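Everything on this sheet refers to the single structure shown next.
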Amino acid sequence: MNDVIINELSNSLNISIKSIKSTLELLENGNTIPFIARYRKEVTGNLNETEIRAIETEYNYQVNLQKRKDEIKRLIEEKGLLTDELVNKIDGASKLVEIEDIYRPFKEKKKTKATDAINNGLEPLAKMIMSFNVVGNIYDIAKKYLNDSVKTEEDAIIGAKYIIAEWISDNAYYRKQIRYLTYMNGILASKKKKNSEDELKTYEMYYDFNEPVKSIKLYRVLAINRGESENILSVNVDVKEDIILDFLKSKVIRNASNEEIVSIVEAAIKDSYKRLISPSIEREIRSELKEKAEDVAINNFSDNLEKLLMQPPIKEKVILGFDPAYRTGCKLAVIDKTGKPLRIAVIYPHEPKNEYEKSKEIILRLIDQYNIDVIAIGNGTASRESETFIADVIKTCPKKVEYIIVNEAGASVYSASKLAIAEFPDLHVEERSAISIGRRLSDPLSELVKIDPESIGVGLYQHDVTDKKLKESLNFIVEKVVNQVGVNLNTASASILKYISGLTKSTIDKIIKYRDQYGMFKSREELLKKKILNDKTYEQAIGFLRVLNGTNILDMTSIHPESYDTTLKLLNHLALNMEMIGTDAIRNNLLNVNVDKLSKELNVDKYTLQDIIDSLVKPNRDPRDMLPKPLLKKDVLHLEDLKVGMKLQGTVRNVVDFGAFVDIGIKNDGLVHISKMTDRFIKHPSEIVNVGDIIDVYVDSINIEKQKVSLSMKQVC
C-alpha cells in the first residue's frame with residue numbers, strides 16, 4: 001500500500017487512515033463491497049457501500065496516476081534531463097493533465113512548423129530573440145541563418161517565431177494558468193447551425209445561448225453536447241483574448257527596451273495562443289465539463305434507481321397486470337400472491353374495435369374469479385385511456401379493487417429478451433409484458449433486476465454519458481440494493497442471484513441445478529456440504545441468502561453463520577431460546593438492552609451485536625417495509641379538472657437537476673421546479689424528494705394547449 005496516497009485519501013474523503021487501510025486490506029483479500037459493509041463494520045469503522053467503493057475507486061485512480069508519474073520521470077531520465085525541480089513538479093501534480101503538461105516539452109515531436117524551423121538551423125536565432133539581449137538590427141543578424149531552406153531574413157524571423165510559439169505552448173506553468181483564466185472568464189456559447197433542422201425545437205433555448213463556464217448548469221452541458229453531435233448546434237468556449245495575451249506578455253517579455261524584439265515575441269505569443277494553446281485548452285475544458293456533467297447525471301440516475309429498486313412490494317395481494325394498447329388490444333395477466341401468473345387474456349376497449357362493454361365484463365369476471373385486489377396499469381401508449389376505463393369498471397365492482405399506474409420503462413426490453421422467452425416460451429411479447437407490469441408491483445426488485453438498469457428510465461441524459469461509467473455505477477446500485485434486501489435461496493431467480501455478493505454464473509447454475517434435482521434447500525449449510533460453494537464464496541454470499549422454513553431458524557435471518565455461536569451465547573446470557581425468535585418475548589428483552597455493555601460481556605463488537613439483535617427481533621426483516629407504500633387509486637383525474645391552487649397527492653416518478661416529475665393521475669406527469677420545492681436554498685431536488693415518494697403538491701399553473709401542468713410543494717395563494 002502507498003501511505004502517501006492513503007493520507008491524501010483520508011483528507012479528501014474525510015475517512016480515518018485506519019479505516020482506509022483496513023478496507024483496502026479486505027478488498028485485496030478478495031472480499032466484496034456488500035460483505036465488507038454488512039459483516040466487517042468493526043474493521044472499517046462502520047463504512048457503508050458507497051464509502052467503500054469511493055475508497056477503492058479513488059485509491060486505484062491515485063495508484064494509476066502515480067504509475068504515470070513514475071513512467072514520465074523514467075522517460076525524462078532516459079534523456080538525461082531529469083532534475084530535482086522536475087521531480088518535485090511531477091510529484092506535486094494532482095491531475096493527469098498537469099503531469100502531461102510537464103512532460104510535453106520532452107515528448108518526441110511530430111513534424112511541426114517549429115521542428116521544421118529547428119531542422120533549418122533557426123533555434124539559435126530563436127534563443128537570441130528570447131534572451132532580449134540583441135545588439136543591432138535583428139534582420140541583419142538573421143542573414144547569418146539563411147540557407148537553401150531559409151531564403152530570406154523574413155523567413156528566418158518567421159521560423160524563429162514558430163520555435164518561440166512552441167516553447168511558450170510547452171510551458172506547463174503557462175498552460176495551467178491559461179486553463180484557469182479560461183475557466184474563470186470563459187463563456188460556453190452555442191448557436192444554431194445555418195440550415196440545420198430541429199423539427200421539434202428540442203434545442204431551441206440553445207440557438208443563441210451563452211453562460212459562464214465556471215457557473216454553467218451541468219445538465220445544460222450534456223444537452224448542448226448532444227445538439228452539437230446531432231449537427232444542430234455549433235459550440236465553443238469564448239474568452240477575451242486580451243486577458244490571456246496580457247498574462248503571457250507579463251511572463252514572457254522580460255525586457256521591453258527593444259521594440260523590434262518585443263514586436264516579434266508578441267507576434268509569437270499571439271500565434272502560440274491562437275494556434276497551439278487555445279484549441280487544446282478549449283478541448284480540455286469542455287472535456288472536464290462533460291466529465292463533471294456525466295458524474296452529476298450518473299449520480300442522479302443512480303440515486304433514482306436506488307429509490308425505485310427500494311420501493312416496497314405490495315405483499316399478499318392478487319394483481320392484474322394491464323399492458324395498454326390500441327389496435328393490438330390490452331394484454332392482461334393475473335398474478336397470484338407469490339408472483340405466479342394464473343391467467344392471460346386480451347381485451348379491446350379502445351379504438352379501432354371499441355369493445356368497451358365486452359372488455360368491462362371480462363375484467364369484472366377476472367376480478368370475481370381470482371379475487372383480484374389491485375390492477376397495475378403500464379404507463380405506455382393508451383395508459384390514460386386505460387386508466388379511465390379501469391376507473392369506470394371498478395365503480396361497478398362489488399369487491400374493493402384499486403389501481404395504480406406503473407412505470408413500464410424497460411418492460412418491452414425484458415419481454416423480448418432471451419430470459420423472458422426462457423421463462424415464458426409459450427407467450428407473446430405483449431403477454432410477457434403484462435406479467436412484468438404486474439410483478440413490478442408485487443415485487444419491484446425481483447422484476448427490475450431482469451432489465452438492464454439503463455433501460456429503466458429514471459435518469460436524464462443517460463444516452464449522453466460514457467456507457468461504461470453508467471453501467472458500472474448502476475450495476476453497483478443494483479448489487480447494493482439486492483444485498484441489502486437479501487434473497488430467498490429457494491425461490492430467487494438467476495437474474496437476482498447474479499447480484500449476490502461473491503456468486504458467479506457457475507455457482508448460480510449449481511444452485512439452480514440442485515434446486516431442480518432435489519427441491520428446496522433445508523439449510524444454508526447444504527451449500528457447503530454439497531460443495532455447491534467453496535469456503536470463500538460461502539463466506540461472501542451466505543449472509544445475503546435466506547432459507548425460510550428450514551432446519552435452522554437463524555438461516556432465515558441476515559445473521560452470518562460465523563456469528564451463530566455469538567447469537568446462541570446472547571440468547572443463553574439473557575435466558576432466551578431459539579423458539580422465541582421474532583416473538584414479543586424477544587422484542588421485550590432485546591430492544592432496551594445496553595449494547596455497549598453487553599458487547600463487552602459477550603466479547604463481540606457492538607456493530608455485530610446490534611445486527612444480531614435487530615435480526616432476532618425481526619428475523620425476516622426487509623428494509624423496504626420501512627418506506628412509504630405505493631399510492632393506490634380508485635378514480636381518474638383529467639387536466640380539465642384541475643384548478644390553480646388545488647391540493648393533490650402524487651408519486652414522484654423522476655428526479656432531475658432542475659426539479660421532479662410527479663404523477664398526479666393525469667396524462668403527463670407534472671413538474672415541480674426546484675424553486676417551488678421549499679423556501680430554503682437547496683443545491684439539488686434530491687435533498688427534498690426521491691423517486692417513489694408520495695408527496696402533497698399544489699397546482700401552480702396549467703397549460704391546456706401543451707397538456708402540461710406545473711406543480712408546487714409550497715401552498716399556492
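Ligands are numbered from 1 in the order shown, chains are lettered A, B, ... in the order of the C-alpha cells, and residues start at 1 in each chain.
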
key: Test item, alpha helix (DSSP H) assignment across stretch 131-299 of chain A, answer as an NGL selection string   = :A and (131 or 138-142 or 153-169 or 172-185 or 218-229 or 241-252 or 259-271 or 278-299)

query = Excluding same-chain residues fewer than 4 positions from A:Asp392, what lies within 10 Å of it counting only C-alpha atoms, as a list in words?
reply = Lys360, Ser386, Glu387, Thr388, Thr396, Cys397, Lys634, Asp635 and Val636 of chain A

Take the selection from the previous step and output its residues with N, CA, C and O atoms, as an mmCIF file, in the first residue's frame.
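The result, written out as out-v2.cif:
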data_model
loop_
_atom_site.group_PDB
_atom_site.id
_atom_site.type_symbol
_atom_site.label_atom_id
_atom_site.label_comp_id
_atom_site.auth_asym_id
_atom_site.auth_seq_id
_atom_site.Cartn_x
_atom_site.Cartn_y
_atom_site.Cartn_z
ATOM 1 N N LYS A 360 -65.237 -4.693 -20.327
ATOM 2 C CA LYS A 360 -65.630 -4.451 -18.937
ATOM 3 C C LYS A 360 -66.097 -5.749 -18.281
ATOM 4 O O LYS A 360 -65.734 -6.058 -17.135
ATOM 5 N N SER A 386 -56.764 3.809 -20.689
ATOM 6 C CA SER A 386 -56.977 2.564 -19.946
ATOM 7 C C SER A 386 -57.301 2.860 -18.485
ATOM 8 O O SER A 386 -58.102 2.155 -17.857
ATOM 9 N N GLU A 387 -56.678 3.901 -17.950
ATOM 10 C CA GLU A 387 -56.969 4.294 -16.563
ATOM 11 C C GLU A 387 -58.434 4.714 -16.435
ATOM 12 O O GLU A 387 -59.127 4.326 -15.480
ATOM 13 N N THR A 388 -58.902 5.500 -17.394
ATOM 14 C CA THR A 388 -60.307 5.937 -17.374
ATOM 15 C C THR A 388 -61.237 4.728 -17.443
ATOM 16 O O THR A 388 -62.243 4.647 -16.719
ATOM 17 N N THR A 396 -68.338 -0.118 -10.690
ATOM 18 C CA THR A 396 -69.473 -1.055 -10.730
ATOM 19 C C THR A 396 -69.144 -2.393 -10.096
ATOM 20 O O THR A 396 -69.966 -3.300 -10.122
ATOM 21 N N CYS A 397 -67.932 -2.511 -9.536
ATOM 22 C CA CYS A 397 -67.495 -3.798 -8.972
ATOM 23 C C CYS A 397 -67.884 -3.881 -7.497
ATOM 24 O O CYS A 397 -67.560 -2.970 -6.712
ATOM 25 N N LYS A 634 -58.633 5.030 -6.932
ATOM 26 C CA LYS A 634 -59.934 4.469 -7.292
ATOM 27 C C LYS A 634 -60.605 5.220 -8.432
ATOM 28 O O LYS A 634 -61.543 4.722 -9.041
ATOM 29 N N ASP A 635 -60.134 6.438 -8.687
ATOM 30 C CA ASP A 635 -60.779 7.234 -9.737
ATOM 31 C C ASP A 635 -59.721 8.001 -10.515
ATOM 32 O O ASP A 635 -58.584 8.157 -10.069
ATOM 33 N N VAL A 636 -60.115 8.506 -11.669
ATOM 34 C CA VAL A 636 -59.192 9.161 -12.588
ATOM 35 C C VAL A 636 -59.349 10.675 -12.521
ATOM 36 O O VAL A 636 -60.396 11.191 -12.140
#

key: strand (DSSP E or B) positions in stretch 183-218 of chain A, given as a list in words   =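 Taking stretch 183-218 of chain A and keeping strand (DSSP E or B) gives Ile187, Leu188, Ala189, Ser190, Lys191, Lys192, Asp208, Phe209, Asn210, Glu211 and Pro212 of chain A.
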
Would you save the residues from that selection as a PDB file, in the first residue's frame, using N, CA and C atoms?
ATOM      1  N   ILE A 187     -16.798  31.839 -21.614  1.00  0.00           N
ATOM      2  CA  ILE A 187     -18.241  31.706 -21.834  1.00  0.00           C
ATOM      3  C   ILE A 187     -18.462  30.509 -22.754  1.00  0.00           C
ATOM      4  N   LEU A 188     -19.310  29.583 -22.320  1.00  0.00           N
ATOM      5  CA  LEU A 188     -19.697  28.482 -23.211  1.00  0.00           C
ATOM      6  C   LEU A 188     -20.835  29.001 -24.084  1.00  0.00           C
ATOM      7  N   ALA A 189     -20.590  29.057 -25.371  1.00  0.00           N
ATOM      8  CA  ALA A 189     -21.561  29.644 -26.296  1.00  0.00           C
ATOM      9  C   ALA A 189     -22.006  28.618 -27.329  1.00  0.00           C
ATOM     10  N   SER A 190     -23.282  28.642 -27.661  1.00  0.00           N
ATOM     11  CA  SER A 190     -23.794  27.759 -28.715  1.00  0.00           C
ATOM     12  C   SER A 190     -24.709  28.558 -29.628  1.00  0.00           C
ATOM     13  N   LYS A 191     -24.700  28.185 -30.905  1.00  0.00           N
ATOM     14  CA  LYS A 191     -25.565  28.813 -31.898  1.00  0.00           C
ATOM     15  C   LYS A 191     -26.137  27.739 -32.815  1.00  0.00           C
ATOM     16  N   LYS A 192     -27.313  28.005 -33.324  1.00  0.00           N
ATOM     17  CA  LYS A 192     -27.913  27.081 -34.289  1.00  0.00           C
ATOM     18  C   LYS A 192     -27.149  27.173 -35.598  1.00  0.00           C
ATOM     19  N   ASP A 208     -29.132  30.510 -29.460  1.00  0.00           N
ATOM     20  CA  ASP A 208     -28.237  31.657 -29.258  1.00  0.00           C
ATOM     21  C   ASP A 208     -28.005  31.771 -27.751  1.00  0.00           C
ATOM     22  N   PHE A 209     -27.149  30.915 -27.262  1.00  0.00           N
ATOM     23  CA  PHE A 209     -27.014  30.711 -25.814  1.00  0.00           C
ATOM     24  C   PHE A 209     -25.582  30.971 -25.376  1.00  0.00           C
ATOM     25  N   ASN A 210     -25.442  31.582 -24.211  1.00  0.00           N
ATOM     26  CA  ASN A 210     -24.109  31.683 -23.612  1.00  0.00           C
ATOM     27  C   ASN A 210     -24.236  31.748 -22.093  1.00  0.00           C
ATOM     28  N   GLU A 211     -23.300  31.115 -21.427  1.00  0.00           N
ATOM     29  CA  GLU A 211     -23.292  31.077 -19.968  1.00  0.00           C
ATOM     30  C   GLU A 211     -21.850  30.908 -19.505  1.00  0.00           C
ATOM     31  N   PRO A 212     -21.477  31.574 -18.398  1.00  0.00           N
ATOM     32  CA  PRO A 212     -20.103  31.445 -17.904  1.00  0.00           C
ATOM     33  C   PRO A 212     -19.727  29.991 -17.636  1.00  0.00           C
TER      34      PRO A 212
END

key: Spatial neighbours of A:Phe247, max dist 9 Å, only C-alpha atoms, sep filter under 3 positions, as number ranges by chain   = A: 174, 177-178, 242-244, 250-252

Output C-alpha atoms for every residue in the selection just made, as a JSON list (two decimals), in the first residue's frame.
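Okay, this is what ended up in result.json:
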[["chain", "number", "residue", "atom", "x", "y", "z"],
["A", 174, "TYR", "CA", 1.62, 28.90, -18.65],
["A", 177, "GLN", "CA", -2.67, 29.41, -15.65],
["A", 178, "ILE", "CA", -4.33, 29.82, -19.05],
["A", 242, "ASP", "CA", -6.55, 40.20, -24.15],
["A", 243, "ILE", "CA", -6.83, 38.52, -20.74],
["A", 244, "ILE", "CA", -4.67, 35.62, -21.90],
["A", 250, "SER", "CA", 3.80, 39.69, -18.46],
["A", 251, "LYS", "CA", 5.57, 36.33, -18.08],
["A", 252, "VAL", "CA", 7.42, 36.00, -21.40]]

remark   = Nearest to A:Asn133, restricted to only C-alpha atoms and choosing among A:Asn231, A:Ser257, A:Ser196, A:Ser359, comes out as A:Ser257

ask   = Leaving out A:Glu282 and any residue of its chain fewer than 6 positions from it, which residues lie within 9 Å of it when counting only C-alpha atoms, given as JSON, numbers by chain?
value = {"A": [179, 182, 236, 237, 238]}
